[in-house]
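Asks: File follows, my_file_1.json with JSON, C-alpha atoms:
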```json
[["chain", "number", "residue", "atom", "x", "y", "z"],
["A", 1225, "MET", "CA", 6.41, 103.63, 38.40],
["A", 1226, "TYR", "CA", 5.84, 102.37, 34.85],
["A", 1227, "SER", "CA", 2.07, 102.16, 35.45],
["A", 1228, "GLU", "CA", 1.98, 105.86, 36.38],
["A", 1229, "TYR", "CA", 4.08, 106.69, 33.30],
["A", 1230, "ALA", "CA", 1.65, 104.70, 31.16],
["A", 1231, "GLU", "CA", -1.38, 106.47, 32.61],
["A", 1232, "ILE", "CA", 0.12, 109.88, 31.86],
["A", 1233, "GLY", "CA", 1.19, 108.69, 28.41],
["A", 1234, "GLY", "CA", -2.22, 107.29, 27.44],
["A", 1235, "PHE", "CA", -1.81, 103.51, 27.39],
["A", 1236, "ASP", "CA", -2.50, 100.55, 29.66],
["A", 1237, "VAL", "CA", 0.15, 98.05, 30.77],
["A", 1238, "ARG", "CA", 0.17, 94.45, 31.87],
["A", 1239, "LEU", "CA", 2.71, 92.05, 33.33],
["A", 1240, "SER", "CA", 4.30, 89.66, 30.88],
["A", 1241, "THR", "CA", 7.00, 87.05, 31.31],
["A", 1242, "GLN", "CA", 9.51, 86.83, 34.12],
["A", 1243, "SER", "CA", 12.55, 84.70, 34.77],
["A", 1244, "ARG", "CA", 13.87, 83.55, 38.15],
["A", 1245, "PHE", "CA", 17.11, 82.48, 39.80],
["A", 1246, "ASP", "CA", 16.70, 78.87, 41.00],
["A", 1247, "ASN", "CA", 12.89, 79.27, 40.77],
["A", 1248, "LYS", "CA", 12.98, 81.67, 43.74],
["A", 1249, "ILE", "CA", 14.23, 85.23, 43.20],
["A", 1250, "ILE", "CA", 12.90, 87.13, 40.18],
["A", 1251, "LYS", "CA", 15.76, 87.78, 37.74],
["A", 1252, "LYS", "CA", 13.88, 89.75, 35.04],
["A", 1253, "LYS", "CA", 10.34, 91.05, 34.86],
["A", 1254, "HIS", "CA", 8.69, 92.32, 31.66],
["A", 1255, "VAL", "CA", 5.94, 94.97, 31.75],
["A", 1256, "ILE", "CA", 4.43, 95.55, 28.32],
["A", 1257, "CYS", "CA", 1.80, 97.70, 26.62],
["A", 1258, "ASN", "CA", -1.66, 96.18, 26.93],
["A", 1259, "ARG", "CA", -1.81, 95.97, 23.15],
["A", 1260, "GLY", "CA", 1.46, 94.06, 22.99],
["A", 1261, "GLY", "CA", 1.69, 90.48, 21.82],
["A", 1262, "LYS", "CA", 0.22, 88.73, 18.83],
["A", 1263, "GLN", "CA", -3.47, 88.46, 18.20],
["A", 1264, "LYS", "CA", -4.56, 84.95, 19.06],
["A", 1265, "LYS", "CA", -5.77, 82.82, 16.21],
["A", 1266, "LYS", "CA", -8.98, 81.25, 17.42],
["A", 1267, "SER", "CA", -10.63, 78.56, 15.46],
["A", 1268, "CYS", "CA", -14.18, 79.57, 14.74],
["A", 1269, "ASP", "CA", -16.88, 77.06, 13.95],
["A", 1270, "THR", "CA", -18.82, 79.03, 11.38],
["A", 1271, "LEU", "CA", -21.77, 76.70, 11.74],
["A", 1272, "GLY", "CA", -22.68, 76.15, 15.36],
["A", 1273, "THR", "CA", -24.67, 73.21, 16.64],
["A", 1274, "SER", "CA", -27.90, 75.07, 15.93],
["A", 1275, "GLY", "CA", -26.96, 75.67, 12.30],
["A", 1276, "VAL", "CA", -26.67, 79.42, 12.86],
["A", 1277, "ARG", "CA", -23.49, 81.20, 11.78],
["A", 1278, "ARG", "CA", -21.47, 82.50, 14.75],
["A", 1279, "LYS", "CA", -19.18, 85.51, 14.65],
["A", 1280, "GLN", "CA", -15.60, 85.21, 15.86],
["A", 1281, "ASN", "CA", -14.84, 86.89, 19.19],
["A", 1282, "SER", "CA", -13.29, 90.29, 18.46],
["A", 1283, "ASN", "CA", -12.55, 91.39, 22.03],
["A", 1284, "SER", "CA", -8.80, 90.91, 21.65],
["A", 1285, "ARG", "CA", -6.90, 94.20, 21.50],
["A", 1286, "ALA", "CA", -3.43, 92.71, 20.95],
["A", 1287, "ILE", "CA", -1.86, 94.22, 17.83],
["A", 1288, "GLY", "CA", 1.82, 93.54, 18.39],
["A", 1289, "CYS", "CA", 2.86, 96.77, 20.12],
["A", 1290, "GLN", "CA", 6.53, 96.61, 21.10],
["A", 1291, "ALA", "CA", 6.46, 99.23, 23.89],
["A", 1292, "LYS", "CA", 7.82, 97.68, 27.08],
["A", 1293, "ILE", "CA", 10.15, 97.95, 30.00],
["A", 1294, "ILE", "CA", 12.24, 95.12, 31.40],
["A", 1295, "PHE", "CA", 13.51, 95.23, 34.97],
["A", 1296, "GLU", "CA", 16.54, 93.18, 36.04],
["A", 1297, "SER", "CA", 17.48, 92.43, 39.62],
["A", 1298, "VAL", "CA", 20.75, 93.73, 40.99],
["A", 1299, "TYR", "CA", 22.34, 90.52, 42.25],
["A", 1300, "GLY", "CA", 22.77, 90.36, 46.01],
["A", 1301, "THR", "CA", 20.40, 93.28, 46.70],
["A", 1302, "PRO", "CA", 16.61, 93.67, 46.76],
["A", 1303, "ASP", "CA", 16.89, 96.42, 44.09],
["A", 1304, "TYR", "CA", 16.04, 96.34, 40.38],
["A", 1305, "LYS", "CA", 17.39, 98.34, 37.48],
["A", 1306, "VAL", "CA", 15.97, 99.08, 34.04],
["A", 1307, "PHE", "CA", 17.41, 96.52, 31.65],
["A", 1308, "GLN", "CA", 15.56, 97.57, 28.48],
["A", 1309, "PHE", "CA", 13.07, 100.35, 27.65],
["A", 1310, "ASP", "CA", 11.18, 100.59, 24.35],
["A", 1311, "GLU", "CA", 8.80, 103.54, 24.17],
["A", 1312, "LEU", "CA", 7.48, 103.45, 20.58],
["A", 1313, "HIS", "CA", 3.88, 102.35, 20.08],
["A", 1314, "ASN", "CA", 2.35, 101.16, 16.81],
["A", 1315, "HIS", "CA", -1.11, 102.51, 17.72],
["A", 1316, "PRO", "CA", -2.58, 105.87, 18.72],
["A", 1317, "LEU", "CA", -2.54, 106.61, 22.44],
["A", 1318, "GLU", "CA", -5.84, 106.96, 24.31],
["A", 1319, "LYS", "CA", -7.41, 109.68, 26.41],
["A", 1320, "ARG", "CA", -6.86, 109.22, 30.16],
["A", 1321, "SER", "CA", -10.61, 108.77, 30.69],
["A", 1322, "ASP", "CA", -10.65, 105.74, 28.36],
["A", 1323, "LEU", "CA", -7.89, 103.86, 30.17],
["A", 1324, "LYS", "CA", -8.65, 100.82, 32.33],
["A", 1325, "LYS", "CA", -7.39, 102.55, 35.47],
["A", 1326, "ALA", "CA", -9.80, 105.47, 34.96],
["A", 1327, "ARG", "CA", -12.72, 103.04, 34.65],
["A", 1328, "GLN", "CA", -11.97, 101.45, 38.04],
["A", 1329, "MET", "CA", -14.33, 102.37, 40.88],
["A", 1330, "THR", "CA", -12.96, 103.82, 44.09],
["A", 1331, "TYR", "CA", -13.75, 102.26, 47.46],
["A", 1332, "SER", "CA", -16.33, 104.96, 48.25],
["A", 1333, "GLU", "CA", -18.09, 104.38, 44.92],
["A", 1334, "LYS", "CA", -18.26, 100.64, 45.60],
["A", 1335, "GLU", "CA", -19.53, 101.36, 49.11],
["A", 1336, "PHE", "CA", -22.28, 103.60, 47.67],
["A", 1337, "ILE", "CA", -23.47, 100.81, 45.37],
["A", 1338, "VAL", "CA", -23.51, 98.27, 48.21],
["A", 1339, "ARG", "CA", -25.46, 100.62, 50.49],
["A", 1340, "ALA", "CA", -27.94, 101.45, 47.78],
["A", 1341, "SER", "CA", -28.43, 97.82, 46.80],
["A", 1342, "THR", "CA", -29.17, 96.84, 50.41],
["A", 1343, "SER", "CA", -31.87, 99.52, 50.44],
["A", 1344, "LYS", "CA", -33.74, 97.61, 47.72],
["A", 1345, "ILE", "CA", -32.61, 99.98, 44.99],
["A", 1346, "GLY", "CA", -30.63, 97.22, 43.26],
["A", 1347, "PRO", "CA", -27.02, 97.27, 42.09],
["A", 1348, "THR", "CA", -27.81, 98.28, 38.49],
["A", 1349, "MET", "CA", -29.93, 101.27, 39.48],
["A", 1350, "ALA", "CA", -27.38, 102.18, 42.17],
["A", 1351, "HIS", "CA", -24.63, 102.15, 39.54],
["A", 1352, "LYS", "CA", -26.73, 104.47, 37.36],
["A", 1353, "LEU", "CA", -27.44, 106.75, 40.34],
["A", 1354, "ARG", "CA", -23.71, 107.03, 40.94],
["A", 1355, "PHE", "CA", -23.34, 108.84, 37.61],
["A", 1356, "LEU", "CA", -26.64, 110.85, 37.73],
["A", 1357, "LEU", "CA", -26.48, 112.04, 41.45],
["A", 1358, "TYR", "CA", -22.85, 112.36, 41.42],
["A", 1359, "ARG", "CA", -21.18, 113.45, 44.64],
["A", 1360, "MET", "CA", -24.35, 113.07, 46.68],
["A", 1361, "VAL", "CA", -24.60, 111.42, 50.08],
["A", 1362, "PHE", "CA", -26.79, 108.31, 50.34],
["A", 1363, "VAL", "CA", -28.64, 108.12, 53.67],
["A", 1364, "PRO", "CA", -30.50, 104.88, 54.48],
["A", 1365, "PHE", "CA", -33.07, 104.75, 57.29],
["A", 1366, "THR", "CA", -33.04, 101.44, 59.13],
["A", 1367, "ALA", "CA", -35.09, 100.03, 61.98],
["A", 1368, "ILE", "CA", -35.08, 96.79, 63.96],
["A", 1369, "ASP", "CA", -38.10, 94.53, 63.61],
["A", 1370, "HIS", "CA", -39.54, 92.17, 66.26],
["A", 1371, "HIS", "CA", -37.12, 89.41, 65.08],
["A", 1372, "LYS", "CA", -34.20, 91.74, 65.92],
["A", 1373, "LYS", "CA", -33.26, 92.07, 62.24],
["A", 1374, "SER", "CA", -32.32, 95.30, 60.48],
["A", 1375, "VAL", "CA", -34.98, 96.53, 58.07],
["A", 1376, "THR", "CA", -34.58, 99.45, 55.68],
["A", 1377, "VAL", "CA", -37.62, 101.71, 55.98],
["A", 1378, "GLY", "CA", -36.48, 104.51, 53.69],
["A", 1379, "SER", "CA", -33.55, 106.28, 52.09],
["A", 1380, "GLY", "CA", -32.57, 109.69, 50.79],
["A", 1381, "LEU", "CA", -29.91, 111.53, 48.81],
["A", 1382, "LEU", "CA", -28.30, 114.72, 50.10],
["A", 1383, "SER", "CA", -26.22, 117.18, 48.13],
["A", 1384, "ASN", "CA", -24.03, 117.87, 51.19],
["A", 1385, "GLU", "CA", -23.52, 116.62, 54.74],
["A", 1386, "SER", "CA", -24.72, 119.63, 56.70],
["A", 1387, "ILE", "CA", -27.01, 119.78, 59.72],
["A", 1388, "GLU", "CA", -29.60, 121.66, 57.65],
["A", 1389, "SER", "CA", -29.63, 118.92, 54.98],
["A", 1390, "TYR", "CA", -30.12, 116.12, 57.50],
["A", 1391, "SER", "CA", -32.84, 118.13, 59.31],
["A", 1392, "TRP", "CA", -34.65, 118.72, 56.03],
["A", 1393, "LEU", "CA", -34.46, 115.00, 55.15],
["A", 1394, "LEU", "CA", -35.72, 113.88, 58.57],
["A", 1395, "LYS", "CA", -38.69, 116.30, 58.42]]
```
For the structure just supplied, provide its representation as structure tokens.
Replies:
Amino acid sequence: MYSEYAEIGGFDVRLSTQSRFDNKIIKKKHVICNRGGKQKKKSCDTLGTSGVRRKQNSNSRAIGCQAKIIFESVYGTPDYKVFQFDELHNHPLEKRSDLKKARQMTYSEKEFIVRASTSKIGPTMAHKLRFLLYRMVFVPFTAIDHHKKSVTVGSGLLSNESIESYSWLLK
């Protein structure tokens, strides 16, 4: 529920700490903004072993955002209630297309890349094709060799799955 709220609101979330009753049943569970927490202080060896200056890793996006929700279990039931809800962010919210969830591939997109890569297109080119021939149908042609192994002998891309399209491709 909070993940859907976050997607609509323009921020990513992650699970944080949780406490348990007798190390079994979850008592409280914290779900926080992905930019929550303190930025980690990493020691950086400015002179590496090769004598070349190295830059510090700047991939961390934690900036101390306090937006979070804490769920608490209702004792004796499998239900949870909202214990605390803080909605204020200390950073601008993002467009939905920039969120982590929007960058995830669907099952059909993953399947397209696997099919294309097995047709000797390669996963990188298949990934690029996914964005350039968007919403097209990938059709591999396979045969069985004299060792009874499947061999890809050709492939094609169709704009739709109609009888006319398949006939055109086969001709």
Asks: Mind checking which residues fall within 12 Å of Leu1312 in chain A, counting all atoms listed in the file, ignoring those fewer than 4 positions away in the same chain, and posting them as a list in words?
Replies: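 Listed by chain and then number, they are Gly1233, Phe1235, Ile1256, Cys1257, Gly1260, Gly1288, Cys1289, Gln1290, Ala1291, Lys1292, Ile1293, Pro1316 and Leu1317 of chain A.
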Asks: Keeping only C-alpha atoms, take the residues you just selected and write them out as a compact mmCIF listing (two decimals), keeping the file's coordinate frame.
Replies:
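The result, stored in result.txt:
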```
# COMPACT_ATOMS: atom_id res chain seq x y z
CA GLY A 1233 1.19 108.69 28.41
CA PHE A 1235 -1.81 103.51 27.39
CA ILE A 1256 4.43 95.55 28.32
CA CYS A 1257 1.80 97.70 26.62
CA GLY A 1260 1.46 94.06 22.99
CA GLY A 1288 1.82 93.54 18.39
CA CYS A 1289 2.86 96.77 20.12
CA GLN A 1290 6.53 96.61 21.10
CA ALA A 1291 6.46 99.23 23.89
CA LYS A 1292 7.82 97.68 27.08
CA ILE A 1293 10.15 97.95 30.00
CA PRO A 1316 -2.58 105.87 18.72
CA LEU A 1317 -2.54 106.61 22.44
```
Asks: Figure out the distance between CA of Asp1236 in chain A and CA of Val1298 in chain A, please, to one decimal in Å.
Replies: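 Computing it gives 26.7 Å between the two atoms.
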Asks: Interatomic distance between CA of Lys1305 in chain A and CA of Val1255 in chain A?
Replies: 13.2 Å
Asks: Could you check how far CA of Lys1248 in chain A sits from CA of Glu1228 in chain A, in Å to one decimal?
Replies: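 We find that CA of Lys1248 in chain A and CA of Glu1228 in chain A lie 27.6 Å from each other.
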Asks: So which one's closest to Thr1348 in chain A, A:Lys1325, A:Phe1336, A:Ser1227, A:Phe1365? Using only C-alpha atoms, please.
Replies: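 Closest residue, counting only C-alpha atoms: A:Phe1336.
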Asks: Taking only C-alpha atoms into account, name the residue in A:Val1361, A:Ala1286, A:Val1375, A:Leu1239 that is nearest to Ser1343 in chain A.
Replies: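 Of A:Val1361, A:Ala1286, A:Val1375, A:Leu1239, the one nearest Ser1343 in chain A is A:Val1375, counting only C-alpha atoms.
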Asks: May I have the residues within 12 Å of range 1376-1386 of chain A as a PyMOL selection string, using all atoms listed in the file and disregarding those fewer than 3 positions away in the same chain?
Replies: chain A and resi 1336+1339-1345+1350+1353-1354+1356-1369+1373+1389-1395
Asks: When you look at Ile1287 in chain A with a cut-off of 9 Å (counting all atoms listed in the file), what residues show up, excluding the ones that are within fewer than 2 positions of it in the same chain? I need them as a tab-separated table (two decimals) with C-alpha atoms, in the frame of the given file.
Replies:
```tsv
chain	number	residue	atom	x	y	z
A	1259	ARG	CA	-1.81	95.97	23.15
A	1260	GLY	CA	1.46	94.06	22.99
A	1261	GLY	CA	1.69	90.48	21.82
A	1262	LYS	CA	0.22	88.73	18.83
A	1263	GLN	CA	-3.47	88.46	18.20
A	1284	SER	CA	-8.80	90.91	21.65
A	1285	ARG	CA	-6.90	94.20	21.50
A	1289	CYS	CA	2.86	96.77	20.12
A	1314	ASN	CA	2.35	101.16	16.81
A	1315	HIS	CA	-1.11	102.51	17.72
```
